[in-house]
>>> print(open('run11.tsv').read())   # TSV, C-alpha atoms
chain	number	residue	atom	x	y	z
C	1	MET	CA	178.97	170.46	164.42
C	2	PHE	CA	179.80	168.68	167.66
C	3	THR	CA	177.57	166.34	169.57
C	4	ILE	CA	177.12	167.28	173.20
C	5	GLY	CA	179.60	164.56	174.21
C	6	ASP	CA	182.28	165.76	171.79
C	7	PHE	CA	181.71	169.40	172.72
C	8	ALA	CA	181.96	168.54	176.41
C	9	ARG	CA	185.29	166.75	175.85
C	10	HIS	CA	186.71	169.69	173.88
C	11	GLY	CA	185.55	172.17	176.51
C	12	ARG	CA	186.69	170.03	179.48
C	13	VAL	CA	183.23	170.10	181.07
C	14	SER	CA	180.56	167.48	181.60
C	15	ALA	CA	177.59	166.92	179.34
C	16	ARG	CA	175.41	167.37	182.40
C	17	MET	CA	176.87	170.84	182.91
C	18	LEU	CA	176.17	171.73	179.27
C	19	ARG	CA	172.55	170.66	179.71
C	20	HIS	CA	172.35	172.93	182.76
C	21	TYR	CA	173.84	175.85	180.82
C	22	ASP	CA	171.25	175.24	178.12
C	23	ALA	CA	168.41	175.17	180.66
C	24	ILE	CA	169.38	178.53	182.18
C	25	GLY	CA	170.11	180.16	178.82
C	26	LEU	CA	173.82	180.58	179.42
C	27	LEU	CA	175.01	178.45	176.50
C	28	ARG	CA	172.40	177.07	174.14
C	29	PRO	CA	173.34	174.57	171.41
C	30	ASP	CA	173.46	175.76	167.82
C	31	ARG	CA	170.86	173.20	166.90
C	32	THR	CA	168.62	170.71	168.66
C	33	ASP	CA	167.20	167.80	166.65
C	34	PRO	CA	163.41	168.19	166.87
C	35	VAL	CA	162.88	164.43	166.74
C	36	THR	CA	165.63	163.01	168.95
C	37	GLY	CA	166.30	166.08	171.12
C	38	TYR	CA	170.04	165.66	170.52
C	39	ARG	CA	172.02	168.85	171.00
C	40	TYR	CA	174.66	169.98	168.49
C	41	TYR	CA	177.24	172.73	169.08
C	42	GLY	CA	179.31	174.79	166.68
C	43	ALA	CA	183.08	175.16	166.98
C	44	ALA	CA	182.69	178.93	167.45
C	45	GLN	CA	180.77	178.26	170.68
C	46	LEU	CA	183.95	176.98	172.32
C	47	ALA	CA	185.04	180.61	172.77
C	48	ARG	CA	181.89	181.39	174.75
C	49	LEU	CA	182.30	178.21	176.79
C	50	ASN	CA	185.92	179.08	177.57
C	51	ARG	CA	184.84	182.54	178.69
C	52	VAL	CA	182.17	181.04	180.93
C	53	ILE	CA	184.71	178.70	182.50
C	54	ALA	CA	187.24	181.51	183.03
C	55	LEU	CA	184.67	183.72	184.76
C	56	LYS	CA	183.46	180.84	186.92
C	57	ASP	CA	187.06	180.16	187.94
C	58	LEU	CA	187.21	183.77	189.18
C	59	GLY	CA	184.34	182.96	191.52
C	60	PHE	CA	181.51	184.75	189.73
C	61	THR	CA	177.99	183.36	189.98
C	62	LEU	CA	176.34	181.97	186.87
C	63	GLN	CA	173.99	184.96	186.87
C	64	GLN	CA	176.99	187.30	186.83
C	65	VAL	CA	178.72	185.19	184.18
C	66	ARG	CA	175.67	185.38	181.92
C	67	ALA	CA	175.50	189.16	182.27
C	68	VAL	CA	179.17	189.47	181.29
C	69	VAL	CA	179.18	187.11	178.33
C	70	ASP	CA	175.95	188.63	177.00
C	71	ASP	CA	177.61	192.07	177.11
C	72	GLU	CA	175.03	193.33	179.61
C	73	VAL	CA	177.86	194.62	181.81
C	74	GLY	CA	179.93	197.63	180.83
C	75	VAL	CA	183.67	197.95	181.30
C	76	ASP	CA	183.33	200.12	184.40
C	77	GLU	CA	180.85	197.73	186.01
C	78	LEU	CA	183.04	194.75	185.17
C	79	ARG	CA	186.00	196.53	186.69
C	80	GLY	CA	183.98	197.07	189.84
C	81	MET	CA	182.93	193.41	189.92
C	82	LEU	CA	186.55	192.32	189.61
C	83	ARG	CA	187.69	194.67	192.36
C	84	LEU	CA	184.95	193.37	194.65
C	85	ARG	CA	185.96	189.80	193.86
C	86	ARG	CA	189.60	190.69	194.59
C	87	ALA	CA	188.57	192.08	197.99
C	88	GLU	CA	186.57	188.92	198.74
C	89	LEU	CA	189.54	186.72	197.85
C	90	GLU	CA	191.91	188.83	199.96
C	91	ALA	CA	189.52	188.52	202.92
C	92	ALA	CA	189.33	184.75	202.39
C	93	MET	CA	193.13	184.54	202.28
C	94	THR	CA	193.39	186.51	205.52
C	95	ALA	CA	190.86	184.24	207.19
C	96	ALA	CA	192.68	181.15	205.90
C	97	ALA	CA	196.00	182.50	207.20
C	98	ALA	CA	194.42	183.02	210.61
C	99	ARG	CA	193.08	179.46	210.63
C	100	LEU	CA	196.51	178.18	209.57
C	101	ALA	CA	198.07	180.04	212.50
C	102	GLN	CA	195.54	178.39	214.81
C	103	VAL	CA	196.38	174.95	213.43
C	104	GLU	CA	200.11	175.59	213.87
C	105	ALA	CA	199.56	176.84	217.43
C	106	ARG	CA	197.51	173.74	218.24
C	107	LEU	CA	200.24	171.52	216.79
C	108	ARG	CA	202.88	173.28	218.91
C	109	SER	CA	200.70	172.80	221.98
C	110	ILE	CA	200.29	169.09	221.29
C	111	GLU	CA	204.00	168.66	220.61
C	112	SER	CA	204.99	170.45	223.82
C	113	GLU	CA	202.35	168.91	226.11
C	114	GLY	CA	201.71	165.59	224.39
C	115	ARG	CA	197.93	166.09	224.34
C	116	MET	CA	195.14	168.28	223.02
C	117	PRO	CA	194.48	171.30	225.24
C	118	GLU	CA	191.25	170.94	227.21
C	119	ASN	CA	190.47	174.66	227.15
C	120	ASP	CA	189.90	176.32	223.80
C	121	VAL	CA	190.48	180.02	223.19
C	122	VAL	CA	188.16	181.88	220.84
C	123	VAL	CA	188.09	185.51	219.73
C	124	ARG	CA	184.78	187.29	219.81
C	125	THR	CA	183.27	190.72	220.28
C	126	ILE	CA	182.01	191.25	223.82
C	127	PRO	CA	179.04	193.65	223.80
C	128	ALA	CA	178.96	196.70	226.04
C	129	VAL	CA	177.56	196.04	229.50
C	130	ARG	CA	176.51	198.27	232.38
C	131	VAL	CA	177.68	197.07	235.79
C	132	ALA	CA	177.27	198.21	239.37
C	133	GLU	CA	180.57	197.79	241.20
C	134	LEU	CA	182.63	198.38	244.29
C	135	ALA	CA	186.39	198.83	244.16
C	136	ALA	CA	189.34	198.23	246.47
C	137	THR	CA	193.11	197.76	246.17
C	138	ALA	CA	194.92	194.42	246.22
C	139	ALA	CA	198.67	194.09	246.79
C	140	GLY	CA	199.12	192.19	243.53
C	141	TYR	CA	197.42	190.18	240.81
C	142	GLN	CA	198.12	186.76	242.26
C	143	PRO	CA	195.08	184.75	243.45
C	144	GLN	CA	196.30	184.96	247.04
C	145	ASP	CA	196.20	188.75	246.74
C	146	ILE	CA	192.86	188.99	244.90
C	147	THR	CA	190.71	186.49	246.82
C	148	PRO	CA	190.82	188.28	250.23
C	149	VAL	CA	189.79	191.52	248.53
C	150	ILE	CA	187.17	190.49	245.99
C	151	GLY	CA	185.21	188.21	248.29
C	152	PRO	CA	184.32	190.95	250.82
C	153	LEU	CA	183.54	193.36	247.96
C	154	TYR	CA	180.89	191.03	246.60
C	155	GLY	CA	179.71	190.38	250.14
C	156	ARG	CA	178.95	194.09	250.47
C	157	LEU	CA	177.76	194.72	246.91
C	158	PHE	CA	174.58	192.66	246.80
C	159	PRO	CA	173.06	193.93	250.09
C	160	LEU	CA	173.77	197.51	248.97
C	161	LEU	CA	172.05	196.91	245.65
C	162	ALA	CA	169.05	195.35	247.38
C	163	ALA	CA	168.81	198.32	249.76
C	164	ALA	CA	168.87	200.68	246.76
C	165	GLY	CA	166.15	198.69	244.99
C	166	VAL	CA	168.45	197.60	242.13
C	167	SER	CA	168.36	194.00	240.97
C	168	PRO	CA	171.17	192.31	239.01
C	169	SER	CA	170.27	191.78	235.37
C	170	GLY	CA	173.13	189.50	234.41
C	171	HIS	CA	176.37	187.87	235.47
C	172	GLY	CA	178.99	189.06	237.90
C	173	VAL	CA	181.83	190.92	236.18
C	174	ALA	CA	185.17	191.41	237.91
C	175	ARG	CA	187.85	193.56	236.32
C	176	TYR	CA	191.29	194.80	237.26
C	177	GLU	CA	193.62	197.70	236.51
C	178	ASP	CA	197.02	198.78	237.72
C	179	ASP	CA	196.97	201.07	240.74
C	180	PRO	CA	199.32	203.99	239.91
C	181	ALA	CA	199.62	204.86	243.61
C	182	ALA	CA	201.34	201.62	244.59
C	183	ASP	CA	203.96	199.62	242.69
C	184	GLY	CA	202.57	196.21	241.70
C	185	ALA	CA	199.17	196.85	243.27
C	186	VAL	CA	195.93	196.49	241.32
C	187	THR	CA	192.52	198.04	241.71
C	188	VAL	CA	189.88	195.32	242.01
C	189	HIS	CA	186.43	196.11	240.64
C	190	ALA	CA	183.75	193.67	241.81
C	191	GLY	CA	180.63	194.22	239.74
C	192	VAL	CA	177.42	192.73	238.44
C	193	ALA	CA	175.36	193.56	235.36
C	194	VAL	CA	172.45	195.91	236.10
C	195	GLU	CA	169.94	198.08	234.29
C	196	ALA	CA	170.44	201.38	236.07
C	197	PRO	CA	171.68	204.86	235.11
C	198	ALA	CA	175.46	205.32	235.04
C	199	GLY	CA	176.98	207.15	237.99
C	200	PRO	CA	177.08	206.88	241.79
C	201	LEU	CA	174.24	204.82	243.25
C	202	GLY	CA	172.97	207.10	246.00
C	203	GLY	CA	175.19	207.11	249.07
C	204	THR	CA	175.97	203.41	248.86
C	205	GLY	CA	179.51	203.75	247.53
C	206	VAL	CA	178.44	201.66	244.54
C	207	THR	CA	179.16	203.09	241.09
C	208	VAL	CA	177.33	202.12	237.91
C	209	VAL	CA	179.69	202.16	234.92
C	210	GLU	CA	179.36	201.33	231.24
C	211	LEU	CA	181.99	198.83	230.11
C	212	PRO	CA	182.55	199.32	226.36
C	213	ALA	CA	182.31	196.60	223.76
C	214	VAL	CA	185.68	194.95	223.14
C	215	GLU	CA	187.24	192.30	220.94
C	216	ALA	CA	188.56	189.71	223.36
C	217	ALA	CA	190.29	186.37	223.53
C	218	VAL	CA	187.96	184.22	225.61
C	219	ILE	CA	188.55	181.05	227.61
C	220	VAL	CA	186.42	179.22	230.18
C	221	HIS	CA	187.88	178.41	233.61
C	222	ARG	CA	186.28	175.64	235.63
C	223	GLY	CA	186.85	175.50	239.35
C	224	SER	CA	187.91	177.82	242.13
C	225	MET	CA	189.49	181.10	241.14
C	226	ASP	CA	192.32	180.19	243.52
C	227	HIS	CA	193.51	177.91	240.69
C	228	VAL	CA	192.98	180.27	237.77
C	229	LEU	CA	196.68	180.76	236.97
C	230	GLU	CA	196.94	177.71	234.70
C	231	THR	CA	193.97	178.91	232.63
C	232	GLU	CA	195.47	182.40	232.44
C	233	GLN	CA	198.75	180.90	231.25
C	234	ILE	CA	196.94	179.04	228.46
C	235	LEU	CA	195.36	182.34	227.44
C	236	ALA	CA	198.73	184.12	227.54
C	237	ARG	CA	200.37	181.43	225.39
C	238	TRP	CA	197.55	181.73	222.88
C	239	ILE	CA	198.08	185.50	222.67
C	240	ASP	CA	201.80	184.98	222.07
C	241	ASP	CA	201.35	182.16	219.54
C	242	HIS	CA	198.89	184.20	217.48
C	243	GLY	CA	200.88	187.42	217.49
C	244	ARG	CA	198.15	189.38	219.27
C	245	ARG	CA	198.50	192.00	222.01
C	246	ALA	CA	196.45	192.16	225.18
C	247	ALA	CA	195.01	195.35	226.63
C	248	GLY	CA	195.34	195.11	230.39
C	249	TYR	CA	193.86	192.33	232.49
C	250	ALA	CA	191.11	189.86	231.66
C	251	ARG	CA	187.55	190.48	232.74
C	252	GLU	CA	186.16	187.63	234.81
C	253	VAL	CA	182.52	186.86	234.09
C	254	THR	CA	180.95	184.45	236.57
C	255	LEU	CA	178.70	182.03	234.69
C	256	GLU	CA	177.99	179.62	237.56
C	257	CYS	CA	178.89	179.97	241.23
C	258	PRO	CA	177.40	177.19	243.40
C	259	GLU	CA	178.43	176.77	247.03
C	260	ASP	CA	181.16	174.34	246.02
C	261	ARG	CA	183.84	176.66	244.63
C	262	ASP	CA	185.36	173.77	242.68
C	263	GLU	CA	182.17	173.75	240.57
C	264	TRP	CA	182.42	177.42	239.58
C	265	VAL	CA	182.45	178.30	235.89
C	266	THR	CA	184.11	181.59	234.96
C	267	GLU	CA	184.75	183.10	231.56
C	268	LEU	CA	187.99	185.04	231.16
C	269	GLN	CA	187.70	187.80	228.55
C	270	LEU	CA	191.07	189.34	227.67
C	271	PRO	CA	190.66	192.51	225.56
C	272	LEU	CA	192.85	192.66	222.45
C	273	ILE	CA	194.62	195.56	220.77
C	274	GLY	CA	194.28	195.80	216.99
>>> encode(input="run11.tsv", output="structure tokens")
Amino acid sequence: MFTIGDFARHGRVSARMLRHYDAIGLLRPDRTDPVTGYRYYGAAQLARLNRVIALKDLGFTLQQVRAVVDDEVGVDELRGMLRLRRAELEAAMTAAAARLAQVEARLRSIESEGRMPENDVVVRTIPAVRVAELAATAAGYQPQDITPVIGPLYGRLFPLLAAAGVSPSGHGVARYEDDPAADGAVTVHAGVAVEAPAGPLGGTGVTVVELPAVEAAVIVHRGSMDHVLETEQILARWIDDHGRRAAGYAREVTLECPEDRDEWVTELQLPLIG
């Protein structure tokens, strides 16, 4: 017979852990002295202890371990448990690899720029949103092309919505797409979140559309949209560093737009493929 200390040393566990196993019925001592309360273990119990340790190392809970070592789990169920655990470990490895890629990208950014980037990029699912919007064509995607077009669109949009009795229910959402009719031109959609049926809004020229949910790389731009290129370049570098692919242009969601354009806060949401 082994004392609890000797048994712990042989099994490479702590005496405290053995007491816990005893308390939950996972591994009870062969004998407990009724006077002193000392626990004594038999050599044959090392096999059960080793099995407990092996199953714990696989990531099973103590409840699952007890079911296995007490033969409460059949071969088919154990096979299923192991397959599930394999899937969990594979998912954890994938997540760890993604975090490692982020660390490496951040290191490259620091090495190239000599400082931590001020704007962080995150990936998240953007829920579907219904927006009322007006559209027009801009000669290109540069700020000097977009600003003269999008400003007047928003200037018209809100009075038209008010006249139609529709109130905004959320943030402004601007989006862009290539105009197939003109080389290099883009269609500018100036919109705002609303709760209204999809389709044309009376004879206003405003259209209510449902923008689908997307997985997007997201970054916050602070300041006038005339100076958004640097933020867009950070987003583009992030896409490249992380081996992702973008689907079209970023949505621009206006979070704050005081009179001072340098105080604007805009979230760029770049949809991702795959």
>>> closest_residue(input="run11.tsv", among="C:Gly151, C:Gly191, C:Gly59, C:Gly74", to="Leu89 (chain C)", atoms="all atoms listed in the file")
C:Gly59
>>> atom_distance(input="run11.tsv", atom1="CA of Leu160 (chain C)", atom2="CA of Ala136 (chain C)")
15.8 Å
>>> residues_around(input="run11.tsv", residues="region 19-28 of chain C", least_positions_apart="6", cutoff="9 Å", atoms="only C-alpha atoms", output="MDAnalysis selection string")
chainID C and resid 4 39 41 45 48:49 52 62:63 65:66 69:70
>>> axis_aligned_box(input="run11.tsv", around="region 146-156 of chain C", padding_each_side="8 Å", output="AutoDock Vina command-line options")
--center_x 185.9 --center_y 190.3 --center_z 247.9 --size_x 29.9 --size_y 23.6 --size_z 21.9
>>> residues_around(input="run11.tsv", residues="Asp179 (chain C)", least_positions_apart="4", cutoff="10 Å", atoms="all atoms listed in the file", output="list in words")
Ala136, Thr137, Ala138, Ala139, Gly140, Asp183, Gly184, Ala185, Val186, Thr187 and Val188 of chain C
>>> closest_residue(input="run11.tsv", among="C:Leu46, C:Pro168, C:Gly243, C:Thr266", to="Ala98 (chain C)", atoms="all atoms listed in the file")
C:Gly243
>>> residues_around(input="run11.tsv", residues="Pro271 (chain C)", least_positions_apart="5", cutoff="7 Å", atoms="all atoms listed in the file", output="PyMOL selection string")
chain C and resi 214-217+246-247+250
>>> atom_distance(input="run11.tsv", atom1="CA of Glu90 (chain C)", atom2="CA of Ala213 (chain C)")
26.8 Å
